[in-house]
$ cat start_6.txt   # compact mmCIF, C-alpha atoms and all ligand atoms
# COMPACT_ATOMS: atom_id res chain seq x y z
CA MET T 185 3.06 -19.09 109.24
CA ASP T 186 2.90 -18.30 105.49
CA ALA T 187 0.93 -15.98 103.18
CA TYR T 188 -2.11 -18.22 103.59
CA THR T 189 -2.26 -18.25 107.38
CA PRO T 190 -5.64 -16.92 108.51
CA ARG T 191 -5.86 -13.90 110.78
CA LYS T 192 -8.75 -12.28 112.65
CA GLU T 193 -8.93 -9.54 110.01
CA HIS T 194 -10.02 -12.13 107.43
CA LYS T 195 -13.29 -12.53 109.38
CA PHE T 196 -13.48 -16.31 109.05
CA THR T 197 -16.22 -17.86 111.15
CA PHE T 198 -17.50 -21.38 111.85
CA GLY T 199 -20.79 -22.55 113.28
CA LEU T 200 -20.40 -24.54 116.50
CA TRP T 201 -22.24 -27.31 114.67
CA THR T 202 -19.57 -27.48 111.93
CA VAL T 203 -16.48 -28.44 113.88
CA GLY T 204 -18.88 -30.06 116.35
CA ASN T 205 -20.28 -32.38 113.68
CA ARG T 206 -19.84 -35.93 115.01
CA GLY T 207 -20.16 -37.65 111.63
CA ARG T 208 -23.64 -39.10 112.00
CA ASP T 209 -25.39 -39.59 108.66
CA PRO T 210 -28.67 -41.21 107.61
CA PHE T 211 -26.93 -44.57 107.36
CA GLY T 212 -24.41 -44.43 110.19
CA ASP T 213 -23.91 -43.51 113.79
CA VAL T 214 -21.54 -40.86 115.21
CA VAL T 215 -17.84 -41.52 114.70
CA ARG T 216 -16.38 -38.65 116.76
CA ASP T 217 -16.63 -37.53 120.37
CA VAL T 218 -18.31 -34.28 121.28
CA VAL T 219 -16.38 -31.06 120.65
CA THR T 220 -17.74 -28.71 123.31
CA PRO T 221 -18.58 -25.09 122.42
CA ILE T 222 -15.70 -23.83 124.57
CA ARG T 223 -13.20 -26.24 122.95
CA ALA T 224 -14.45 -25.13 119.53
CA VAL T 225 -13.90 -21.47 120.46
CA GLN T 226 -10.41 -22.21 121.77
CA LYS T 227 -9.23 -24.34 118.82
CA LEU T 228 -10.74 -22.08 116.15
CA SER T 229 -9.11 -19.07 117.75
CA GLU T 230 -5.75 -20.87 117.69
CA LEU T 231 -6.30 -21.58 113.96
CA GLY T 232 -6.86 -17.88 113.25
CA ALA T 233 -10.66 -17.70 113.00
CA TYR T 234 -12.49 -14.46 113.85
CA GLY T 235 -15.61 -15.86 115.42
CA VAL T 236 -18.27 -18.51 115.79
CA ASN T 237 -21.99 -18.84 115.08
CA LEU T 238 -24.62 -20.91 116.81
CA HIS T 239 -28.13 -22.26 116.85
CA ASP T 240 -29.78 -21.72 120.22
CA ASN T 241 -29.53 -25.41 121.13
CA ASP T 242 -25.89 -25.76 120.03
CA LEU T 243 -25.16 -23.97 123.31
CA VAL T 244 -28.28 -24.14 125.50
CA PRO T 245 -30.03 -27.54 125.65
CA LEU T 246 -33.76 -27.43 124.90
CA ASP T 247 -34.55 -28.58 128.44
CA ALA T 248 -32.15 -26.25 130.26
CA THR T 249 -33.63 -24.37 133.22
CA PRO T 250 -33.26 -20.56 133.23
CA THR T 251 -30.52 -20.92 135.86
CA GLU T 252 -28.64 -23.50 133.78
CA ARG T 253 -29.09 -21.30 130.71
CA ASP T 254 -27.59 -18.29 132.46
CA ARG T 255 -24.63 -20.34 133.74
CA ILE T 256 -23.93 -21.73 130.27
CA VAL T 257 -24.14 -18.27 128.71
CA LYS T 258 -21.83 -16.78 131.34
CA GLU T 259 -19.20 -19.49 130.79
CA PHE T 260 -19.46 -19.14 127.01
CA LYS T 261 -19.12 -15.36 127.15
CA LYS T 262 -15.96 -15.84 129.22
CA ALA T 263 -14.57 -18.26 126.64
CA LEU T 264 -15.23 -15.76 123.85
CA ASP T 265 -13.37 -13.11 125.83
CA ASP T 266 -10.56 -15.44 126.87
CA TYR T 267 -9.86 -16.49 123.29
CA GLY T 268 -10.58 -13.18 121.57
CA MET T 269 -13.48 -14.54 119.55
CA LYS T 270 -16.78 -12.98 118.44
CA LEU T 271 -20.24 -14.51 118.36
CA VAL T 272 -21.11 -13.23 114.89
CA MET T 273 -24.37 -14.88 113.89
CA GLY T 274 -27.19 -16.57 115.72
CA THR T 275 -30.01 -18.72 114.43
CA THR T 276 -32.82 -20.86 115.78
CA ASN T 277 -32.93 -24.62 115.49
CA LEU T 278 -36.38 -25.02 113.99
CA PHE T 279 -35.62 -28.31 112.34
CA TYR T 280 -34.33 -30.97 114.78
CA HIS T 281 -37.16 -31.57 117.29
CA PRO T 282 -40.07 -33.73 115.99
CA VAL T 283 -42.50 -30.90 116.72
CA PHE T 284 -41.17 -29.25 113.54
CA LYS T 285 -41.59 -32.36 111.38
CA ASP T 286 -44.08 -30.55 109.12
CA GLY T 287 -42.48 -27.13 109.31
CA ALA T 288 -42.17 -24.40 111.89
CA PHE T 289 -43.34 -21.07 110.46
CA THR T 290 -45.33 -22.82 107.69
CA SER T 291 -46.77 -25.67 109.78
CA ASN T 292 -50.49 -26.38 109.39
CA ASP T 293 -50.76 -26.34 113.19
CA PRO T 294 -50.99 -22.82 114.67
CA LYS T 295 -49.63 -24.22 117.95
CA VAL T 296 -46.42 -25.24 116.15
CA ARG T 297 -46.12 -21.84 114.46
CA ALA T 298 -46.69 -20.12 117.81
CA TYR T 299 -44.08 -22.31 119.53
CA ALA T 300 -41.62 -21.58 116.69
CA LEU T 301 -42.10 -17.84 117.27
CA GLN T 302 -41.67 -18.27 121.03
CA LYS T 303 -38.48 -20.31 120.51
CA SER T 304 -37.18 -17.77 117.97
CA MET T 305 -37.71 -14.82 120.32
CA GLN T 306 -35.78 -16.65 123.07
CA ALA T 307 -33.02 -17.54 120.58
CA ILE T 308 -32.82 -13.95 119.33
CA ASP T 309 -32.42 -12.75 122.92
CA LEU T 310 -29.59 -15.28 123.38
CA ALA T 311 -27.80 -14.25 120.17
CA VAL T 312 -28.04 -10.54 121.00
CA GLU T 313 -26.84 -11.17 124.56
CA LEU T 314 -23.75 -12.87 123.06
CA GLY T 315 -23.10 -9.97 120.69
CA ALA T 316 -24.52 -11.19 117.38
CA GLU T 317 -25.56 -8.58 114.81
CA ILE T 318 -26.74 -11.06 112.15
CA TYR T 319 -29.60 -13.51 112.58
CA VAL T 320 -30.09 -16.29 110.06
CA PHE T 321 -33.31 -18.08 109.19
CA TRP T 322 -32.83 -21.40 107.40
CA GLY T 323 -36.26 -22.93 106.85
CA GLY T 324 -35.04 -26.52 106.61
CA ARG T 325 -38.44 -27.95 107.49
CA GLU T 326 -40.52 -25.35 105.63
CA GLY T 327 -41.70 -27.51 102.78
CA THR T 328 -43.62 -30.59 101.72
CA GLU T 329 -43.53 -34.16 100.57
CA CYS T 330 -47.33 -34.30 100.31
CA ASP T 331 -48.50 -31.25 98.35
CA ALA T 332 -52.10 -32.04 99.24
CA SER T 333 -51.25 -31.07 102.84
CA LYS T 334 -51.17 -27.30 102.38
CA ASP T 335 -51.70 -24.58 99.81
CA PRO T 336 -48.19 -23.30 98.97
CA ALA T 337 -49.50 -19.74 98.80
CA ASP T 338 -50.86 -20.12 102.34
CA ALA T 339 -47.44 -21.44 103.39
CA ILE T 340 -45.74 -18.32 102.04
CA LYS T 341 -48.29 -16.15 103.86
CA ARG T 342 -47.57 -17.97 107.13
CA TYR T 343 -43.80 -17.62 106.54
CA ARG T 344 -44.23 -13.86 105.96
CA GLU T 345 -46.46 -13.51 109.06
CA CYS T 346 -43.80 -15.13 111.28
CA ILE T 347 -40.85 -13.20 109.86
CA ASN T 348 -42.85 -9.94 110.13
CA PHE T 349 -43.70 -10.81 113.75
CA LEU T 350 -39.99 -11.25 114.54
CA ILE T 351 -39.10 -8.04 112.69
CA GLY T 352 -41.57 -6.37 115.04
CA TYR T 353 -40.00 -8.09 118.05
CA VAL T 354 -36.45 -6.98 117.14
CA LYS T 355 -37.62 -3.39 116.61
CA ASP T 356 -39.61 -3.40 119.86
CA GLN T 357 -36.56 -4.66 121.75
CA LYS T 358 -34.44 -2.05 119.95
CA TYR T 359 -31.93 -4.77 119.00
CA SER T 360 -29.26 -3.87 116.42
CA LEU T 361 -29.87 -7.01 114.41
CA ARG T 362 -30.29 -7.76 110.71
CA PHE T 363 -31.97 -10.89 109.37
CA ALA T 364 -30.36 -13.07 106.69
CA MET T 365 -32.60 -15.68 105.08
CA GLU T 366 -30.94 -18.85 103.80
CA PRO T 367 -32.52 -20.69 100.87
CA LYS T 368 -32.20 -24.40 100.05
CA PRO T 369 -34.16 -26.32 97.36
CA ASN T 370 -34.74 -29.58 99.27
CA GLU T 371 -33.42 -31.82 102.08
CA PRO T 372 -34.58 -32.59 104.64
CA ARG T 373 -37.99 -31.85 103.08
CA GLY T 374 -38.88 -33.21 99.67
CA ASP T 375 -39.26 -29.62 98.46
CA ILE T 376 -38.43 -26.53 100.53
CA PHE T 377 -40.29 -23.24 100.07
CA LEU T 378 -38.27 -20.24 98.85
CA PRO T 379 -35.70 -22.63 97.30
CA ASN T 380 -32.97 -20.31 95.99
CA VAL T 381 -31.48 -16.82 96.30
CA GLY T 382 -33.75 -15.35 93.62
CA ALA T 383 -36.92 -16.63 95.27
CA MET T 384 -35.72 -15.39 98.67
CA LEU T 385 -34.91 -11.90 97.35
CA ALA T 386 -38.42 -11.63 95.92
CA PHE T 387 -39.95 -12.78 99.24
CA ILE T 388 -37.90 -10.25 101.23
CA GLU T 389 -39.43 -7.38 99.25
CA THR T 390 -42.90 -8.42 100.52
CA LEU T 391 -41.94 -8.08 104.20
CA ASP T 392 -42.87 -5.21 106.55
CA ASP T 393 -39.27 -3.93 106.63
CA PRO T 394 -37.32 -5.27 103.62
CA ASP T 395 -34.27 -3.12 104.49
CA MET T 396 -33.72 -5.12 107.67
CA VAL T 397 -33.62 -8.43 105.79
CA GLY T 398 -31.02 -9.86 103.41
CA VAL T 399 -29.91 -13.29 102.29
CA ASN T 400 -27.43 -15.92 103.47
CA PRO T 401 -26.60 -17.86 100.27
CA GLU T 402 -24.89 -21.23 100.64
CA VAL T 403 -22.62 -22.75 97.98
CA ALA T 404 -23.99 -26.29 98.33
CA HIS T 405 -27.64 -25.19 98.25
CA GLU T 406 -27.52 -23.27 94.95
CA HIS T 407 -25.39 -26.07 93.47
CA MET T 408 -28.04 -28.60 94.51
CA ALA T 409 -30.43 -26.61 92.32
CA GLY T 410 -27.89 -26.68 89.45
CA LEU T 411 -27.29 -22.93 89.67
CA ASN T 412 -24.14 -20.79 89.33
CA PHE T 413 -23.41 -19.73 92.90
CA ALA T 414 -21.32 -16.66 91.98
CA HIS T 415 -24.24 -15.40 89.85
CA ALA T 416 -26.63 -15.82 92.78
CA VAL T 417 -24.25 -14.00 95.12
CA ALA T 418 -23.74 -11.26 92.52
CA GLN T 419 -27.49 -10.60 92.43
CA ALA T 420 -27.59 -10.36 96.22
CA LEU T 421 -24.49 -8.12 96.30
CA GLU T 422 -25.84 -5.85 93.57
CA ALA T 423 -29.11 -5.52 95.49
CA GLY T 424 -27.25 -4.68 98.73
CA LYS T 425 -28.68 -7.86 100.28
CA LEU T 426 -25.60 -10.02 100.91
CA PHE T 427 -25.81 -9.87 104.72
CA HIS T 428 -24.01 -13.19 105.31
CA ILE T 429 -22.66 -16.14 103.30
CA ASP T 430 -22.29 -19.89 103.93
CA LEU T 431 -19.14 -21.21 102.25
CA ASN T 432 -18.58 -24.89 101.55
CA ALA T 433 -18.28 -27.24 98.56
CA GLN T 434 -20.59 -29.64 96.76
CA LYS T 435 -20.51 -32.19 93.96
CA LEU T 436 -23.45 -31.65 91.57
CA ASN T 437 -26.60 -33.81 91.74
CA ARG T 438 -26.01 -35.09 95.26
CA PHE T 439 -27.39 -34.62 98.77
CA ASP T 440 -26.14 -31.57 100.71
CA GLN T 441 -22.51 -32.53 101.28
CA ASP T 442 -21.32 -29.40 103.13
CA LEU T 443 -17.73 -30.21 102.10
CA ARG T 444 -14.57 -28.27 102.99
CA PHE T 445 -14.57 -24.94 101.11
CA GLY T 446 -12.85 -25.16 97.71
CA SER T 447 -12.54 -28.96 97.80
CA GLU T 448 -14.79 -29.26 94.73
CA ASP T 449 -15.37 -26.97 91.71
CA ILE T 450 -12.17 -24.95 92.22
CA LYS T 451 -12.96 -22.62 89.30
CA GLY T 452 -16.40 -21.86 90.77
CA ALA T 453 -14.82 -21.22 94.17
CA PHE T 454 -12.24 -18.95 92.54
CA PHE T 455 -14.84 -16.78 90.79
CA LEU T 456 -16.84 -16.59 94.02
CA VAL T 457 -13.84 -15.39 96.04
CA LYS T 458 -12.91 -12.98 93.23
CA LEU T 459 -16.46 -11.57 93.27
CA LEU T 460 -16.45 -11.09 97.06
CA GLU T 461 -13.00 -9.48 97.04
CA ASP T 462 -13.57 -7.34 93.92
CA HIS T 463 -16.74 -5.96 95.53
CA ASP T 464 -15.07 -5.41 98.92
CA TYR T 465 -17.59 -7.65 100.70
CA ASP T 466 -16.92 -6.82 104.35
CA GLY T 467 -19.16 -9.44 105.99
CA PRO T 468 -18.06 -12.63 107.73
CA ARG T 469 -16.75 -15.53 105.66
CA HIS T 470 -18.70 -18.35 107.33
CA PHE T 471 -17.84 -21.98 106.62
CA ASP T 472 -21.05 -23.95 106.99
CA ALA T 473 -19.38 -27.30 106.38
CA HIS T 474 -17.97 -30.30 108.22
CA ALA T 475 -15.14 -32.82 108.03
CA TYR T 476 -15.53 -36.14 106.21
CA ARG T 477 -17.06 -38.91 108.33
CA THR T 478 -13.70 -40.69 107.96
CA GLU T 479 -11.97 -38.11 110.18
CA ASP T 480 -11.04 -38.04 113.86
CA GLU T 481 -10.80 -34.77 115.78
CA ASP T 482 -7.38 -34.01 114.27
CA GLY T 483 -9.05 -34.30 110.89
CA VAL T 484 -11.71 -31.81 112.00
CA TRP T 485 -9.07 -29.15 112.65
CA GLU T 486 -7.38 -29.96 109.33
CA PHE T 487 -10.81 -29.42 107.75
CA ALA T 488 -11.15 -26.02 109.43
CA ARG T 489 -7.59 -25.04 108.50
CA GLY T 490 -8.22 -26.11 104.90
CA CYS T 491 -11.39 -24.02 104.54
CA MET T 492 -9.55 -20.84 105.50
CA ARG T 493 -6.31 -21.70 103.65
CA THR T 494 -8.08 -22.36 100.37
CA TYR T 495 -10.03 -19.11 100.66
CA LEU T 496 -6.77 -17.18 101.11
CA ILE T 497 -5.06 -19.02 98.24
CA LEU T 498 -7.98 -18.15 95.94
CA LYS T 499 -7.93 -14.55 97.24
CA GLU T 500 -4.27 -14.33 96.16
CA LYS T 501 -5.14 -15.89 92.80
CA ALA T 502 -7.82 -13.22 92.35
CA ARG T 503 -5.23 -10.52 93.00
CA GLN T 504 -2.94 -12.14 90.43
CA PHE T 505 -5.84 -12.29 87.93
CA ASN T 506 -6.46 -8.57 88.36
CA GLU T 507 -2.76 -7.83 87.76
CA HIS T 508 -2.13 -10.44 85.05
CA PRO T 509 -1.01 -8.56 81.89
CA ALA T 510 -2.29 -11.09 79.34
CA ILE T 511 -5.64 -11.52 81.12
CA GLN T 512 -6.17 -7.79 81.58
CA GLU T 513 -5.16 -7.07 77.96
CA LEU T 514 -7.64 -9.68 76.70
CA LEU T 515 -10.39 -8.36 79.01
CA ALA T 516 -9.89 -4.87 77.61
CA GLN T 517 -10.45 -6.31 74.13
CA VAL T 518 -13.52 -8.38 75.01
CA GLN T 519 -15.13 -5.59 77.05
CA PRO T 520 -15.10 -2.68 74.57
CA ARG T 521 -16.54 0.69 75.64
CA ASP T 522 -18.65 3.06 73.50
CA ALA T 523 -19.36 6.31 75.33
CA GLU T 524 -22.02 7.50 72.87
CA LEU T 525 -24.07 4.27 72.85
CA GLU T 526 -23.67 3.81 76.62
CA SER T 527 -24.98 7.32 77.17
CA LEU T 528 -27.94 6.71 74.84
CA MET T 529 -28.87 3.48 76.69
CA SER T 530 -28.29 4.82 80.20
CA ARG T 531 -31.67 6.56 80.48
CA TYR T 532 -34.78 6.59 78.30
CA SER T 533 -35.78 9.78 76.54
CA PRO T 534 -37.73 10.33 73.31
CA GLN T 535 -34.55 11.87 71.85
CA ASN T 536 -32.40 8.88 72.84
CA ALA T 537 -35.00 6.49 71.44
CA GLN T 538 -35.11 8.44 68.18
CA VAL T 539 -31.31 8.43 67.80
CA LEU T 540 -31.13 4.72 68.70
CA ARG T 541 -33.74 3.87 66.10
CA GLN T 542 -31.67 5.62 63.42
CA LYS T 543 -28.49 3.74 64.28
CA GLN T 544 -27.09 1.33 61.67
CA PHE T 545 -25.65 -1.99 62.94
CA ASP T 546 -23.61 -4.43 60.83
CA ILE T 547 -24.98 -7.48 62.66
CA GLU T 548 -23.32 -9.92 60.20
CA ALA T 549 -19.84 -8.57 61.02
CA MET T 550 -20.78 -8.31 64.73
CA GLY T 551 -21.95 -11.94 64.67
CA LYS T 552 -18.74 -13.18 63.01
CA LYS T 553 -16.40 -11.52 65.55
CA GLY T 554 -14.43 -14.07 67.61
CA LEU T 555 -14.42 -13.15 71.32
CA GLY T 556 -11.26 -14.94 72.46
CA TYR T 557 -12.88 -16.63 75.46
CA GLU T 558 -11.05 -19.93 74.88
CA LYS T 559 -7.73 -18.10 75.35
CA LEU T 560 -9.12 -16.16 78.33
CA ASP T 561 -10.42 -19.26 80.10
CA GLN T 562 -7.15 -21.14 79.48
CA LEU T 563 -5.28 -18.23 81.07
CA VAL T 564 -7.52 -18.72 84.13
CA ILE T 565 -6.75 -22.46 84.12
CA ASP T 566 -3.01 -21.71 83.86
CA LEU T 567 -3.35 -19.28 86.77
CA LEU T 568 -5.28 -21.70 88.97
CA LEU T 569 -2.94 -24.61 88.16
CA GLY T 570 0.03 -22.43 89.00
CA VAL T 571 1.70 -22.34 85.56
CA ALA T 572 0.85 -18.72 84.70
C1 LIG A 1 -27.88 -25.39 106.93
O1 LIG A 1 -27.17 -25.02 105.79
C2 LIG A 1 -28.17 -24.18 107.79
C3 LIG A 1 -28.04 -24.50 109.25
O2 LIG A 1 -26.79 -25.10 109.41
C4 LIG A 1 -28.07 -23.15 109.87
O3 LIG A 1 -29.36 -22.89 110.32
C5 LIG A 1 -27.73 -22.19 108.76
C6 LIG A 1 -26.76 -21.17 109.24
O4 LIG A 1 -25.59 -21.16 108.53
N1 LIG A 1 -27.28 -23.05 107.64
MN MN A 2 -25.78 -27.11 103.55
MN MN A 3 -26.01 -23.10 105.73
$ encode --input "start_6.txt" --output "structure tokens" --more "lines below"
Ligand code: DIG
Ligand code: MN
Ligand code: MN
Amino acid sequence: MDAYTPRKEHKFTFGLWTVGNRGRDPFGDVVRDVVTPIRAVQKLSELGAYGVNLHDNDLVPLDATPTERDRIVKEFKKALDDYGMKLVMGTTNLFYHPVFKDGAFTSNDPKVRAYALQKSMQAIDLAVELGAEIYVFWGGREGTECDASKDPADAIKRYRECINFLIGYVKDQKYSLRFAMEPKPNEPRGDIFLPNVGAMLAFIETLDDPDMVGVNPEVAHEHMAGLNFAHAVAQALEAGKLFHIDLNAQKLNRFDQDLRFGSEDIKGAFFLVKLLEDHDYDGPRHFDAHAYRTEDEDGVWEFARGCMRTYLILKEKARQFNEHPAIQELLAQVQPRDAELESLMSRYSPQNAQVLRQKQFDIEAMGKKGLGYEKLDQLVIDLLLGVA
């Protein structure tokens, strides 16, 4: 036990599919035995996690009878109680079965879209029964390879129709559930609709009840699009739409690696953790990631331990940043305040516009001013490398 030992209060969660990942990839078979949902709950609780998440079929097989389903749910609920774990987020697997090969909510076939809604309503019931208050939609199959196959505007309309239908279902059932939509630019589809946080935020505003819907940004997915993940999360936070987050790591310009959190791009991971902590994000810290294919089951638990440990190390580094004299002194210099100008700009008025138009600015001197960011960034490097 040290300062970086996870505790329930840190709200770390893992999808059953993460520690249950058996290492299959497009070019190789499984390398690990099954980790059952109950074993995952037990081991993650022992490691200090707060809860787990699941797709419907991570727990209940597609072909389970209602009786089998109820037995499985009863046993799983007992495991959650026995090990003091929460079921935090639910989601529907709308990507594995061949029926979804050309999408679920955006499929050209109305029978597929109708089945996707039916499956989603059943999965929502399951998640609510297990105590979830967040429901994620990751449209992994909502996209194209052949753009001749469907009008992308029609696809967005179908997507909206299905999400609105499920908003109606949740309200009708009086469930206390919020939706979090998870963007990804591609993979498994050649191109996926609503590819990043910005696109998803715009889509959410077109729904019947935008307040009920937020985003679930994932590190690897914004990185796949070459975007700054902390900036994407900041936009969601600032809009009050960060309902959930998928933490992992990713090397640029590669397939979705879903690596252990913080194992790549340490500076990016640091500024993400700093953002979440500075803004008192109180949602779950979900690791949507998996161990390397090289690992056995012991390696899987090292992976899970590492995700949480690195988050806590970076959380401590963020505290040190906020108390670091040289960094804070430099920040005060590079972030000057000007009460008069800030007041003028804060709200338009003819008077403010008139005063602003009379202002004189020495833009040559302003342009020549050195901002000291080299020194500031090196102080961050010193801090992260443990020499500050
Ligand atoms: C992939 O990043 C997706 C699926 O794992 C799941 O539907 C979602 C929930 O975290 N992330
Ligand atoms: Mn991913
Ligand atoms: Mn994810």
$ closest_residue --input "start_6.txt" --among "T:His239, T:Arg255, T:His463, T:Arg342" --to "ligand LIG 1 (chain A)" --atoms "only C-alpha atoms and all ligand atoms"
T:His239
$ closest_atom_pairs --input "start_6.txt" --of "chain T" --to "ligand LIG 1 (chain A)" --cutoff "6 Å" --atoms "all atoms listed in the file" --output "CSV"
residue,atom,partner,partner_atom,distance
T:Thr275,CA,A:LIG1,O3,5.9
T:Val320,CA,A:LIG1,C6,6.0
T:Trp322,CA,A:LIG1,O3,4.8
T:Asp430,CA,A:LIG1,O4,5.8
T:Asp472,CA,A:LIG1,O4,5.5
$ write_last_selection --input "start_6.txt" --atoms "C-alpha atoms" --output "mmCIF file, in the frame of the given file"
data_model
loop_
_atom_site.group_PDB
_atom_site.id
_atom_site.type_symbol
_atom_site.label_atom_id
_atom_site.label_comp_id
_atom_site.auth_asym_id
_atom_site.auth_seq_id
_atom_site.Cartn_x
_atom_site.Cartn_y
_atom_site.Cartn_z
ATOM 1 C CA THR T 275 -30.010 -18.720 114.430
ATOM 2 C CA VAL T 320 -30.090 -16.290 110.060
ATOM 3 C CA TRP T 322 -32.830 -21.400 107.400
ATOM 4 C CA ASP T 430 -22.290 -19.890 103.930
ATOM 5 C CA ASP T 472 -21.050 -23.950 106.990
#
$ residues_around --input "start_6.txt" --residues "T:Asp309" --least-positions-apart "3" --cutoff "12 Å" --atoms "all atoms listed in the file" --output "short mmCIF file (atom, residue, chain, number, x, y, z; two decimals) with C-alpha atoms, in the frame of the given file"
data_model
loop_
_atom_site.label_atom_id
_atom_site.label_comp_id
_atom_site.auth_asym_id
_atom_site.auth_seq_id
_atom_site.Cartn_x
_atom_site.Cartn_y
_atom_site.Cartn_z
CA ASP T 240 -29.78 -21.72 120.22
CA VAL T 257 -24.14 -18.27 128.71
CA GLY T 274 -27.19 -16.57 115.72
CA THR T 275 -30.01 -18.72 114.43
CA THR T 276 -32.82 -20.86 115.78
CA GLN T 302 -41.67 -18.27 121.03
CA LYS T 303 -38.48 -20.31 120.51
CA SER T 304 -37.18 -17.77 117.97
CA MET T 305 -37.71 -14.82 120.32
CA GLN T 306 -35.78 -16.65 123.07
CA VAL T 312 -28.04 -10.54 121.00
CA GLU T 313 -26.84 -11.17 124.56
CA LEU T 314 -23.75 -12.87 123.06
CA GLY T 315 -23.10 -9.97 120.69
CA ALA T 316 -24.52 -11.19 117.38
CA GLU T 317 -25.56 -8.58 114.81
CA TYR T 319 -29.60 -13.51 112.58
CA LEU T 350 -39.99 -11.25 114.54
CA TYR T 353 -40.00 -8.09 118.05
CA VAL T 354 -36.45 -6.98 117.14
CA GLN T 357 -36.56 -4.66 121.75
CA LYS T 358 -34.44 -2.05 119.95
CA TYR T 359 -31.93 -4.77 119.00
CA SER T 360 -29.26 -3.87 116.42
CA LEU T 361 -29.87 -7.01 114.41
#
$ residues_around --input "start_6.txt" --residues "T:Glu366" --least-positions-apart "3" --cutoff "6 Å" --atoms "only C-alpha atoms" --output "list in words"
Phe321, Trp322, Val399, Asn400 and Pro401 of chain T
$ residues_around --input "start_6.txt" --residues "T:Leu525" --least-positions-apart "2" --cutoff "12 Å" --atoms "only C-alpha atoms" --output "MDAnalysis selection string"
chainID T and resid 520:523 527:531 536:537 539:541 543:545
$ residues_near_ligand --input "start_6.txt" --ligand "ligand MN 2 (chain A)" --cutoff "8 Å" --atoms "only C-alpha atoms and all ligand atoms" --output "ChimeraX atom specification"
/T:368,402-405,432,440-442,472-473
$ closest_atom_pairs --input "start_6.txt" --of "stretch 440-477 of chain T" --to "stretch 491-499 of chain T" --cutoff "7 Å" --atoms "only C-alpha atoms" --output "CSV"
residue,atom,partner,partner_atom,distance
T:Arg444,CA,T:Cys491,CA,5.5
T:Phe445,CA,T:Cys491,CA,4.8
T:Gly446,CA,T:Thr494,CA,6.1
T:Phe454,CA,T:Leu498,CA,5.5
T:Val457,CA,T:Lys499,CA,6.1
T:Lys458,CA,T:Lys499,CA,6.6
$ atom_distance --input "start_6.txt" --atom1 "atom CA of T:Asp331" --atom2 "atom CA of T:Asn412"
28.0 Å
$ closest_residue --input "start_6.txt" --among "T:Gly467, T:Pro294, T:Gly490, T:Pro221" --to "T:Ile256" --atoms "all atoms listed in the file"
T:Pro221
$ atom_distance --input "start_6.txt" --atom1 "atom CA of T:Arg216" --atom2 "atom CA of T:Thr197"
21.5 Å
$ residues_near_point --input "start_6.txt" --point "(-36.1, -29.3, 94.0)" --cutoff "12 Å" --atoms "all atoms listed in the file" --output "NGL selection string"
:T and (327-329 or 367-380 or 405-411 or 437-439)
$ closest_residue --input "start_6.txt" --among "T:Gly324, T:Pro509, T:Gly232, T:Gly398" --to "ligand MN 3 (chain A)" --atoms "all atoms listed in the file"
T:Gly324
$ decode --input "start_6.txt" --residues "stretch 213-220 of chain T" --atoms "N, CA, C and O atoms" --output "short mmCIF file (atom, residue, chain, number, x, y, z; two decimals), in the first residue's frame"
data_model
loop_
_atom_site.label_atom_id
_atom_site.label_comp_id
_atom_site.auth_asym_id
_atom_site.auth_seq_id
_atom_site.Cartn_x
_atom_site.Cartn_y
_atom_site.Cartn_z
N ASP T 213 -5.16 -15.86 -33.00
CA ASP T 213 -6.22 -16.43 -32.18
C ASP T 213 -6.07 -15.97 -30.71
O ASP T 213 -5.09 -15.29 -30.37
N VAL T 214 -7.01 -16.40 -29.87
CA VAL T 214 -6.94 -16.05 -28.44
C VAL T 214 -5.64 -16.63 -27.86
O VAL T 214 -5.14 -17.65 -28.33
N VAL T 215 -5.14 -15.95 -26.83
CA VAL T 215 -3.94 -16.45 -26.15
C VAL T 215 -4.21 -16.68 -24.66
O VAL T 215 -3.37 -17.25 -23.96
N ARG T 216 -5.40 -16.21 -24.18
CA ARG T 216 -5.70 -16.33 -22.75
C ARG T 216 -7.03 -17.05 -22.56
O ARG T 216 -7.92 -16.96 -23.41
N ASP T 217 -7.16 -17.71 -21.42
CA ASP T 217 -8.44 -18.35 -21.07
C ASP T 217 -9.47 -17.27 -20.73
O ASP T 217 -9.13 -16.10 -20.50
N VAL T 218 -10.71 -17.70 -20.65
CA VAL T 218 -11.79 -16.79 -20.29
C VAL T 218 -11.60 -16.27 -18.86
O VAL T 218 -11.21 -17.03 -17.96
N VAL T 219 -11.84 -14.99 -18.66
CA VAL T 219 -11.98 -14.44 -17.30
C VAL T 219 -13.48 -14.19 -17.13
O VAL T 219 -14.06 -13.35 -17.82
N THR T 220 -14.12 -14.95 -16.26
CA THR T 220 -15.58 -14.83 -16.14
C THR T 220 -15.96 -13.49 -15.50
O THR T 220 -15.15 -12.88 -14.79
#
